[in-house]
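One file, query_24.txt, is given below (compact mmCIF, C-alpha atoms).
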# COMPACT_ATOMS: atom_id res chain seq x y z
CA MET A 141 -4.28 -52.65 80.26
CA LYS A 142 -2.96 -49.08 80.69
CA ARG A 143 -0.06 -49.94 78.42
CA LEU A 144 -2.49 -51.25 75.80
CA ARG A 145 -4.60 -48.09 75.94
CA LYS A 146 -1.47 -45.96 75.71
CA SER A 147 -0.38 -47.89 72.61
CA TRP A 148 -3.79 -47.37 70.95
CA ALA A 149 -3.65 -43.64 71.73
CA LEU A 150 -0.16 -43.31 70.23
CA ALA A 151 -1.28 -45.22 67.16
CA ALA A 152 -4.25 -42.85 66.71
CA VAL A 153 -2.04 -39.75 67.01
CA PHE A 154 0.46 -41.27 64.60
CA ALA A 155 -2.32 -42.10 62.11
CA ALA A 156 -3.70 -38.57 62.33
CA ALA A 157 -0.22 -37.18 61.77
CA MET A 158 0.20 -39.42 58.75
CA VAL A 159 -3.15 -38.25 57.34
CA CYS A 160 -2.07 -34.62 57.75
CA PHE A 161 1.30 -35.39 56.21
CA LEU A 162 -0.15 -37.27 53.25
CA ALA A 163 -3.00 -34.83 52.52
CA PRO A 164 -2.23 -32.60 49.53
CA GLY A 165 -1.25 -29.10 50.56
CA ALA A 166 -3.56 -26.20 49.51
CA LYS A 167 -1.81 -22.97 48.57
CA ALA A 168 -3.30 -19.80 49.95
CA GLN A 169 -4.69 -17.70 47.08
CA VAL A 170 -3.05 -14.28 46.87
CA THR A 171 -5.71 -11.74 45.89
CA GLY A 172 -6.48 -8.05 46.03
CA SER A 173 -9.55 -5.83 45.97
CA ILE A 174 -10.98 -2.59 44.59
CA THR A 175 -13.18 -0.11 46.38
CA GLY A 176 -14.50 3.31 45.51
CA THR A 177 -17.23 5.86 46.09
CA ILE A 178 -19.46 7.54 43.51
CA GLU A 179 -21.57 10.65 44.12
CA ASP A 180 -24.32 12.10 41.99
CA ILE A 181 -24.23 15.57 40.40
CA ASN A 182 -25.33 17.08 43.72
CA GLY A 183 -22.45 15.50 45.60
CA LYS A 184 -24.65 12.92 47.36
CA ALA A 185 -23.94 9.20 47.62
CA TRP A 186 -25.43 7.43 44.60
CA TYR A 187 -27.12 4.17 45.45
CA GLY A 188 -27.73 1.32 43.02
CA LEU A 189 -25.16 2.06 40.30
CA GLY A 190 -23.93 -1.02 38.46
CA VAL A 191 -20.14 -1.03 38.12
CA GLU A 192 -18.22 -3.48 35.93
CA ALA A 193 -14.55 -4.43 36.32
CA VAL A 194 -12.81 -6.11 33.38
CA SER A 195 -9.34 -7.55 33.97
CA ASP A 196 -6.48 -7.50 31.46
CA GLN A 197 -7.15 -11.26 31.17
CA GLY A 198 -10.73 -10.59 30.04
CA ALA A 199 -12.50 -11.64 33.29
CA LYS A 200 -15.63 -9.57 34.06
CA LEU A 201 -17.12 -8.83 37.48
CA GLU A 202 -20.03 -6.64 38.55
CA ALA A 203 -20.82 -4.77 41.75
CA LYS A 204 -23.39 -2.22 42.93
CA THR A 205 -22.98 0.90 45.03
CA ASP A 206 -24.52 0.75 48.50
CA GLY A 207 -26.40 3.45 50.39
CA GLU A 208 -23.17 5.37 50.87
CA GLY A 209 -22.29 5.17 47.18
CA ILE A 210 -19.52 2.66 47.86
CA PHE A 211 -18.75 -0.34 45.66
CA HIS A 212 -16.40 -3.26 46.30
CA PHE A 213 -14.68 -5.93 44.24
CA ARG A 214 -12.99 -8.60 46.34
CA ASN A 215 -10.80 -11.66 45.71
CA LEU A 216 -9.33 -10.22 42.53
CA ARG A 217 -6.31 -11.62 40.78
CA PRO A 218 -3.47 -9.10 40.46
CA GLY A 219 -3.59 -7.12 37.22
CA VAL A 220 -5.02 -4.04 35.58
CA TYR A 221 -8.81 -3.54 35.57
CA ASP A 222 -11.02 -1.29 33.45
CA LEU A 223 -13.89 0.18 35.43
CA THR A 224 -17.18 1.22 33.81
CA ILE A 225 -20.54 2.35 35.20
CA ILE A 226 -22.83 0.08 33.20
CA SER A 227 -26.27 0.70 34.75
CA PHE A 228 -28.11 3.53 36.52
CA PRO A 229 -31.20 3.55 38.74
CA PRO A 230 -34.33 5.41 37.50
CA PRO A 231 -34.85 8.07 36.27
CA ASN A 232 -31.34 7.79 34.73
CA ASP A 233 -31.69 4.17 33.61
CA LYS A 234 -31.37 5.13 29.93
CA GLN A 235 -27.95 6.72 30.50
CA THR A 236 -25.22 5.16 28.34
CA PRO A 237 -22.28 3.42 30.09
CA VAL A 238 -19.57 5.73 31.43
CA LYS A 239 -15.91 4.71 31.58
CA MET A 240 -14.22 5.44 34.91
CA GLY A 241 -10.67 4.54 33.88
CA GLN A 242 -8.15 1.87 34.87
CA ILE A 243 -6.74 0.77 38.20
CA LYS A 244 -3.99 -1.67 39.13
CA VAL A 245 -4.60 -4.43 41.66
CA THR A 246 -1.73 -5.97 43.60
CA SER A 247 -1.59 -8.95 45.96
CA ASN A 248 -3.00 -8.54 49.49
CA ASP A 249 -3.80 -4.91 48.88
CA GLU A 250 -6.95 -2.84 48.41
CA ALA A 251 -6.86 -0.55 45.41
CA LYS A 252 -8.70 2.67 46.25
CA VAL A 253 -10.43 4.43 43.38
CA PRO A 254 -10.44 8.22 43.93
CA ASP A 255 -13.87 9.43 45.01
CA MET A 256 -15.88 10.33 41.93
CA ASN A 257 -18.44 13.05 41.48
CA PHE A 258 -20.67 12.24 38.52
CA LYS A 259 -20.64 15.86 37.40
CA GLN A 260 -16.86 15.69 37.08
CA ILE A 261 -17.07 12.31 35.30
CA MET A 262 -19.48 13.70 32.71
CA ALA A 263 -17.35 16.81 32.28
CA LYS A 264 -14.32 14.61 31.64
CA GLN A 265 -16.32 12.48 29.21
CA GLY A 266 -17.46 15.65 27.46
CA THR A 267 -13.87 16.91 27.16
CA GLU A 268 -12.71 13.59 25.73
CA ALA A 269 -15.62 13.52 23.30
CA ALA A 270 -14.90 17.09 22.26
CA ASP A 271 -11.22 16.28 21.73
CA LYS A 272 -12.18 13.22 19.68
CA ALA A 273 -14.61 15.25 17.58
CA LYS A 274 -11.99 17.94 17.07
CA LYS A 275 -9.45 15.36 15.92
CA GLN A 276 -12.00 13.86 13.55
CA ASP A 277 -12.74 17.32 12.13
CA GLU A 278 -9.02 17.95 11.64
CA GLU A 279 -8.60 14.62 9.86
CA LYS A 280 -11.61 15.37 7.67
CA GLU A 281 -10.23 18.83 6.85
CA LYS A 282 -6.85 17.31 5.95
CA PHE A 283 -8.54 14.72 3.76
CA GLU A 284 -10.58 17.37 1.96
CA GLY A 285 -7.39 19.40 1.47
CA MET A 286 -5.63 16.35 0.07
CA LYS A 287 -8.52 15.74 -2.33
CA ALA A 288 -8.48 19.37 -3.51
CA HIS A 289 -4.73 19.29 -4.21
CA TYR A 290 -5.06 15.91 -5.91
CA ALA A 291 -7.82 17.20 -8.19
CA ALA A 292 -5.78 20.31 -9.07
CA GLY A 293 -2.71 18.17 -9.77
CA THR A 294 -4.72 15.84 -12.01
CA ALA A 295 -6.04 18.81 -13.99
CA PHE A 296 -2.49 20.12 -14.54
CA LEU A 297 -1.43 16.60 -15.49
CA ASP A 298 -4.02 16.54 -18.28
CA GLN A 299 -2.73 19.88 -19.53
CA GLU A 300 0.83 18.60 -19.31
CA ARG A 301 0.00 15.61 -21.53
CA LYS A 302 -1.45 17.96 -24.14
CA ALA A 303 1.60 20.24 -23.87
CA LYS A 304 3.87 17.26 -24.57
CA ASP A 305 1.79 16.37 -27.61
CA ASP A 306 1.99 19.98 -28.78
CA LEU A 307 5.77 19.90 -28.32
CA SER A 308 6.05 16.84 -30.58
CA LYS A 309 4.22 18.77 -33.31
CA ALA A 310 5.92 22.13 -32.78
CA THR A 311 7.94 23.73 -35.55
CA PRO A 312 11.57 24.61 -34.75
CA ASP A 313 10.68 28.22 -33.97
CA GLN A 314 7.95 27.07 -31.55
CA ARG A 315 9.93 24.46 -29.65
CA ASP A 316 11.48 26.68 -26.96
CA ALA A 317 8.09 28.12 -26.00
CA ALA A 318 6.54 24.63 -26.04
CA LYS A 319 9.30 23.26 -23.81
CA ALA A 320 8.87 26.12 -21.35
CA ASN A 321 5.11 25.52 -21.22
CA LEU A 322 5.66 21.79 -20.59
CA LYS A 323 8.10 22.52 -17.77
CA ASP A 324 5.72 25.07 -16.20
CA LEU A 325 2.80 22.63 -16.22
CA SER A 326 5.01 19.87 -14.83
CA ASP A 327 6.04 22.16 -11.96
CA LYS A 328 2.41 23.03 -11.22
CA ALA A 329 1.30 19.39 -11.28
CA THR A 330 4.16 18.19 -9.07
CA GLY A 331 3.55 21.08 -6.67
CA GLU A 332 -0.07 20.07 -6.21
CA PHE A 333 0.72 16.39 -5.70
CA GLN A 334 3.41 17.27 -3.15
CA ALA A 335 0.89 19.48 -1.32
CA ALA A 336 -1.55 16.55 -1.35
CA GLN A 337 1.12 14.34 0.23
CA LYS A 338 1.66 16.87 3.02
CA ALA A 339 -2.08 17.11 3.65
CA ALA A 340 -2.46 13.33 3.83
CA SER A 341 -1.39 11.38 6.89
CA GLU A 342 1.64 9.08 6.63
CA LYS A 343 -0.64 6.03 6.95
CA ASP A 344 -3.13 7.27 4.36
CA PRO A 345 -3.83 4.35 1.99
CA ASN A 346 -3.69 6.80 -0.93
CA GLN A 347 0.01 7.59 -0.48
CA HIS A 348 1.07 5.13 -3.19
CA LEU A 349 -1.29 6.81 -5.67
CA LEU A 350 0.07 10.28 -4.83
CA TRP A 351 3.63 9.05 -5.43
CA ALA A 352 2.58 7.46 -8.72
CA LYS A 353 0.91 10.65 -9.94
CA LEU A 354 3.95 12.66 -8.89
CA GLY A 355 6.13 10.25 -10.88
CA GLU A 356 3.88 10.66 -13.91
CA ALA A 357 4.11 14.45 -13.71
CA TYR A 358 7.91 14.19 -13.77
CA ASP A 359 7.82 11.40 -16.37
CA ILE A 360 5.81 13.33 -18.97
CA ALA A 361 8.27 16.21 -18.79
CA GLY A 362 11.24 13.85 -19.25
CA ARG A 363 12.56 14.44 -15.72
CA ASN A 364 13.87 10.89 -15.47
CA ASP A 365 15.70 10.89 -12.15
CA GLU A 366 12.85 12.57 -10.27
CA ALA A 367 10.30 10.30 -11.94
CA ALA A 368 12.27 7.17 -11.03
CA GLN A 369 12.50 8.23 -7.38
CA ALA A 370 8.75 8.92 -7.22
CA TYR A 371 7.86 5.57 -8.83
CA GLN A 372 10.19 3.79 -6.40
CA GLN A 373 8.33 5.43 -3.51
CA ALA A 374 5.01 4.30 -5.03
CA ILE A 375 6.40 0.75 -5.19
CA ALA A 376 7.57 0.96 -1.57
CA ALA A 377 4.02 1.95 -0.56
CA LYS A 378 2.37 -0.71 -2.74
CA PRO A 379 4.91 -3.33 -3.83
CA ASP A 380 2.37 -5.60 -5.56
CA ASP A 381 1.32 -3.12 -8.28
CA PRO A 382 2.71 -4.25 -11.67
CA GLY A 383 1.91 -0.90 -13.28
CA TYR A 384 4.33 0.95 -11.02
CA TYR A 385 7.16 -1.39 -11.99
CA ASN A 386 6.25 -0.94 -15.66
CA ASN A 387 6.35 2.87 -15.33
CA LEU A 388 9.67 2.68 -13.49
CA GLY A 389 11.03 0.47 -16.27
CA ASN A 390 9.98 3.03 -18.89
CA VAL A 391 11.90 5.79 -17.12
CA LEU A 392 15.00 3.70 -16.43
CA ALA A 393 15.15 2.51 -20.04
CA ARG A 394 14.88 6.06 -21.28
CA ALA A 395 17.69 7.05 -18.94
CA GLY A 396 19.89 4.28 -20.36
CA LYS A 397 19.84 2.15 -17.18
CA ILE A 398 19.13 -1.03 -19.12
CA ASP A 399 19.80 -3.63 -16.43
CA ASP A 400 17.69 -1.79 -13.86
CA ALA A 401 14.93 -1.32 -16.43
CA ARG A 402 14.99 -5.03 -17.28
CA ALA A 403 14.62 -5.89 -13.59
CA ALA A 404 11.63 -3.55 -13.27
CA TYR A 405 9.88 -4.95 -16.36
CA SER A 406 10.60 -8.51 -15.21
CA LYS A 407 8.94 -7.77 -11.86
CA SER A 408 5.94 -6.24 -13.63
CA ALA A 409 5.58 -9.36 -15.80
CA GLU A 410 5.97 -11.61 -12.75
CA LEU A 411 3.24 -9.78 -10.81
CA ASP A 412 0.79 -9.87 -13.72
CA PRO A 413 1.61 -12.64 -16.22
CA THR A 414 -1.46 -11.70 -18.29
CA LYS A 415 0.25 -8.42 -19.17
CA ALA A 416 3.77 -9.76 -19.50
CA ALA A 417 3.72 -9.27 -23.27
CA THR A 418 2.82 -5.61 -22.75
CA ALA A 419 5.62 -5.15 -20.22
CA TRP A 420 8.25 -6.56 -22.60
CA ARG A 421 6.84 -4.59 -25.53
CA ASN A 422 7.02 -1.39 -23.45
CA PHE A 423 10.65 -2.20 -22.68
CA GLY A 424 11.34 -2.57 -26.39
CA ILE A 425 9.50 0.67 -27.23
CA SER A 426 11.42 2.60 -24.57
CA LEU A 427 14.74 1.34 -25.93
CA TYR A 428 13.67 1.97 -29.54
CA ASN A 429 12.68 5.55 -28.70
CA ALA A 430 16.05 6.01 -26.99
CA ASN A 431 17.80 4.93 -30.24
CA ARG A 432 18.90 1.65 -28.68
CA GLY A 433 17.35 -0.59 -31.32
CA GLY A 434 19.91 -3.35 -30.85
CA ASP A 435 19.07 -3.64 -27.13
CA ALA A 436 15.34 -3.60 -27.94
CA ILE A 437 15.46 -6.87 -29.92
CA GLU A 438 15.46 -9.24 -26.93
CA PRO A 439 12.41 -7.77 -25.11
CA LEU A 440 10.49 -7.44 -28.39
CA GLN A 441 11.17 -11.10 -29.20
CA LYS A 442 9.86 -12.05 -25.74
CA SER A 443 6.76 -9.97 -26.33
CA ALA A 444 6.18 -11.53 -29.74
CA GLU A 445 6.43 -15.02 -28.26
CA LEU A 446 3.83 -14.18 -25.62
CA ASP A 447 1.52 -12.23 -27.94
CA PRO A 448 2.19 -13.24 -31.57
CA LYS A 449 -0.79 -11.27 -32.92
CA ASN A 450 0.42 -7.78 -32.07
CA ALA A 451 1.38 -5.92 -35.25
CA GLN A 452 3.22 -3.16 -33.39
CA THR A 453 5.57 -5.66 -31.78
CA TRP A 454 6.42 -7.31 -35.13
CA TYR A 455 6.97 -3.97 -36.88
CA LEU A 456 9.30 -2.73 -34.12
CA LEU A 457 11.14 -6.03 -34.07
CA GLY A 458 11.74 -5.78 -37.82
CA ALA A 459 12.90 -2.19 -37.49
CA CYS A 460 15.29 -3.11 -34.67
CA LEU A 461 16.68 -6.15 -36.48
CA VAL A 462 17.79 -3.76 -39.22
CA TYR A 463 20.34 -2.54 -36.66
CA LYS A 464 21.96 -5.98 -36.90
CA MET A 465 22.48 -5.70 -40.67
CA THR A 466 26.02 -6.40 -41.84
CA VAL A 467 27.78 -5.78 -45.14
CA LYS A 468 29.96 -8.26 -46.99
CA LYS A 469 32.16 -7.76 -50.03
CA VAL A 470 31.03 -9.58 -53.17
CA GLY A 471 33.45 -8.79 -55.98
CA ASP A 472 33.70 -5.04 -56.04
CA LYS A 473 30.32 -4.50 -54.40
CA ASP A 474 29.22 -4.14 -50.79
CA VAL A 475 26.22 -6.44 -50.32
CA PRO A 476 24.00 -6.04 -47.20
CA GLU A 477 23.16 -9.11 -45.17
CA PHE A 478 20.08 -8.77 -42.96
CA ALA A 479 19.79 -10.40 -39.57
CA PRO A 480 17.67 -13.57 -39.55
CA GLY A 481 14.00 -12.76 -39.02
CA THR A 482 14.11 -9.15 -40.27
CA ILE A 483 11.99 -9.67 -43.37
CA GLU A 484 9.72 -12.17 -41.59
CA ALA A 485 9.00 -9.67 -38.78
CA TYR A 486 8.01 -6.96 -41.27
CA GLN A 487 5.85 -9.41 -43.21
CA LYS A 488 4.14 -10.54 -40.01
CA ALA A 489 3.22 -6.91 -39.24
CA VAL A 490 1.77 -6.52 -42.74
CA ASP A 491 -0.26 -9.73 -42.40
CA LEU A 492 -1.70 -8.66 -39.07
CA ASP A 493 -2.34 -5.01 -39.93
CA PRO A 494 -2.50 -4.67 -43.74
CA ASN A 495 -4.36 -1.36 -43.72
CA GLY A 496 -3.20 0.01 -40.38
CA ILE A 497 -0.31 2.23 -39.42
CA TYR A 498 2.05 -0.60 -38.44
CA GLY A 499 1.28 -2.60 -41.56
CA GLN A 500 1.95 0.43 -43.76
CA GLN A 501 5.20 1.24 -41.96
CA ALA A 502 6.26 -2.40 -42.34
CA LYS A 503 5.60 -2.21 -46.10
CA GLU A 504 7.79 0.89 -46.28
CA GLY A 505 10.47 -0.94 -44.33
CA LEU A 506 10.39 -3.85 -46.78
CA ALA A 507 10.62 -1.44 -49.71
CA GLN A 508 13.72 0.13 -48.17
CA LEU A 509 15.28 -3.29 -47.71
CA GLN A 510 14.69 -4.05 -51.38
CA GLN A 511 16.37 -0.78 -52.36
CA MET A 512 19.42 -1.79 -50.31
CA ALA A 513 19.45 -5.33 -51.69
CA PRO A 514 17.50 -5.46 -54.97
CA GLY A 515 17.78 -9.22 -55.25
CA ILE A 516 16.06 -10.14 -51.99
CA ASP A 517 12.58 -11.61 -51.87
CA ILE A 518 10.27 -9.28 -49.95
CA LYS A 519 7.03 -10.63 -51.35
CA VAL A 520 4.27 -9.72 -48.93
CA LYS A 521 1.76 -12.45 -48.35
CA LYS A 522 -1.85 -11.31 -48.54
CA LYS A 523 -4.21 -12.39 -45.84
CA LYS A 524 -6.92 -14.75 -46.91
CA SER A 525 -10.37 -13.27 -46.55
Translate this file's structure into structure tokens.
Amino acid sequence: MKRLRKSWALAAVFAAAMVCFLAPGAKAQVTGSITGTIEDINGKAWYGLGVEAVSDQGAKLEAKTDGEGIFHFRNLRPGVYDLTIISFPPPNDKQTPVKMGQIKVTSNDEAKVPDMNFKQIMAKQGTEAADKAKKQDEEKEKFEGMKAHYAAGTAFLDQERKAKDDLSKATPDQRDAAKANLKDLSDKATGEFQAAQKAASEKDPNQHLLWAKLGEAYDIAGRNDEAAQAYQQAIAAKPDDPGYYNNLGNVLARAGKIDDARAAYSKSAELDPTKAATAWRNFGISLYNANRGGDAIEPLQKSAELDPKNAQTWYLLGACLVYKMTVKKVGDKDVPEFAPGTIEAYQKAVDLDPNGIYGQQAKEGLAQLQQMAPGIDIKVKKKKS
């Protein structure tokens, strides 16, 4: 009987051991805590303050100060916590929340917040608010300074445009003075836009506009290299603006950098297909004005395909195709042979703009062709009313 009882006892112990062995193990949670003391402006313990702790994981906990002004947060996961006084007992219950700062919590450790006197907290808050207000005032002052320089630069830019127009109309004896005036106004405009850039912060969203205006001030005065650099900076600041690529193309074409200009105009047309015809026409105009009529044919043809009702494009295309004229010997005479499409381009300009400047210039162009080759048919078709 004793042996039987002993066997049952061993079986029970064995079963209990098996239960303990088979039961899932529970890991001890490793936590930390925060404690601190807050005093009122008289240095006395402040009872009933609501304190919030927000972890770097976003978890929020609340505690209240006891009769000794002490608050506790227990069983906290390790991390960094932001502490804020979120509520006050009467008569200070309308007081806005006050940030106390951050504290790091580690495993199995109590993080002690330095004792806080509310007078010191408010003084610190006041200093931070004053510093913030001062920074805001400085930023506002810089912005107003930037605006003033921008306005002055824009005014000089308007004068510079007029000076360039005056230069184009100046008589030979007036040209040196007109050039000097244009250069002076360009210097004043660029100086103001550069001052505006210095006044603006590096992250100011207006930086691209300041670069573009600076490029225009150089551009009007024919300062190609400086204008190209400024437009490139405008593009770097706002790479999706088709106008900046168009302006860069104008300058590069004028400087004889044809491949680079073509790339700029192509990008402009790609960014705004609705103005692609304008971009290619501008390329042709820039080349035409630089006495590169032969190079201007391709972009003008592209523009005409995209916008076949633009008289200026057809007139310029006709004028540029004249560059492709050849001469062949017929008997003892030199007979001109015009490139295909020359007469048709002039006639198209006349059809589209019979009484306008481009139509009239096209008529003159056709008359000159007839003088060179009296036998050619330059009959201008009249538009049906």
Would you compute the distance between atom CA of Met240 of chain A and atom CA of Thr171 of chain A? Give it in Å to one decimal. 22.1 Å
How far is it from atom CA of Asp233 of chain A to atom CA of Gly188 of chain A, in Å with one decimal?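 Interatomic distance here is 10.6 Å.
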Separation of atom CA of Arg432 of chain A and atom CA of Ala317 of chain A, in Å? 28.7 Å
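Proximity of A:His348, A:Glu300, A:Ala393, A:Phe211 to Asp365 of chain A, computed with all atoms listed in the file, is greatest for A:Ala393.
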Here's a test: counting all atoms listed in the file, identify every protein, DNA and RNA residue with an atom at most 12 Å from (-6.0, 21.4, -13.1) in the file's coordinate frame, and state them as an NGL selection string. :A and (288-301 or 325-326 or 328-333)
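When only C-alpha atoms are used to compute distances to Ile398 of chain A, the closest of the residues A:Ala444, A:Ala430, A:Ala416, A:Ala489 turns out to be A:Ala430.
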Using all atoms listed in the file, which residues sit within 9 Å of Arg421 of chain A once same-chain residues fewer than 2 positions away are excluded, as number ranges by chain? A: 416-419, 423-426, 436, 439-444, 452-453
Closest of A:Leu201, A:Lys287, A:Ile483, A:Lys259 to Gln508 of chain A - atom-to-atom distances counting all atoms listed in the file: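 Between A:Leu201, A:Lys287, A:Ile483, A:Lys259, the residue approaching Gln508 of chain A most closely is A:Ile483.
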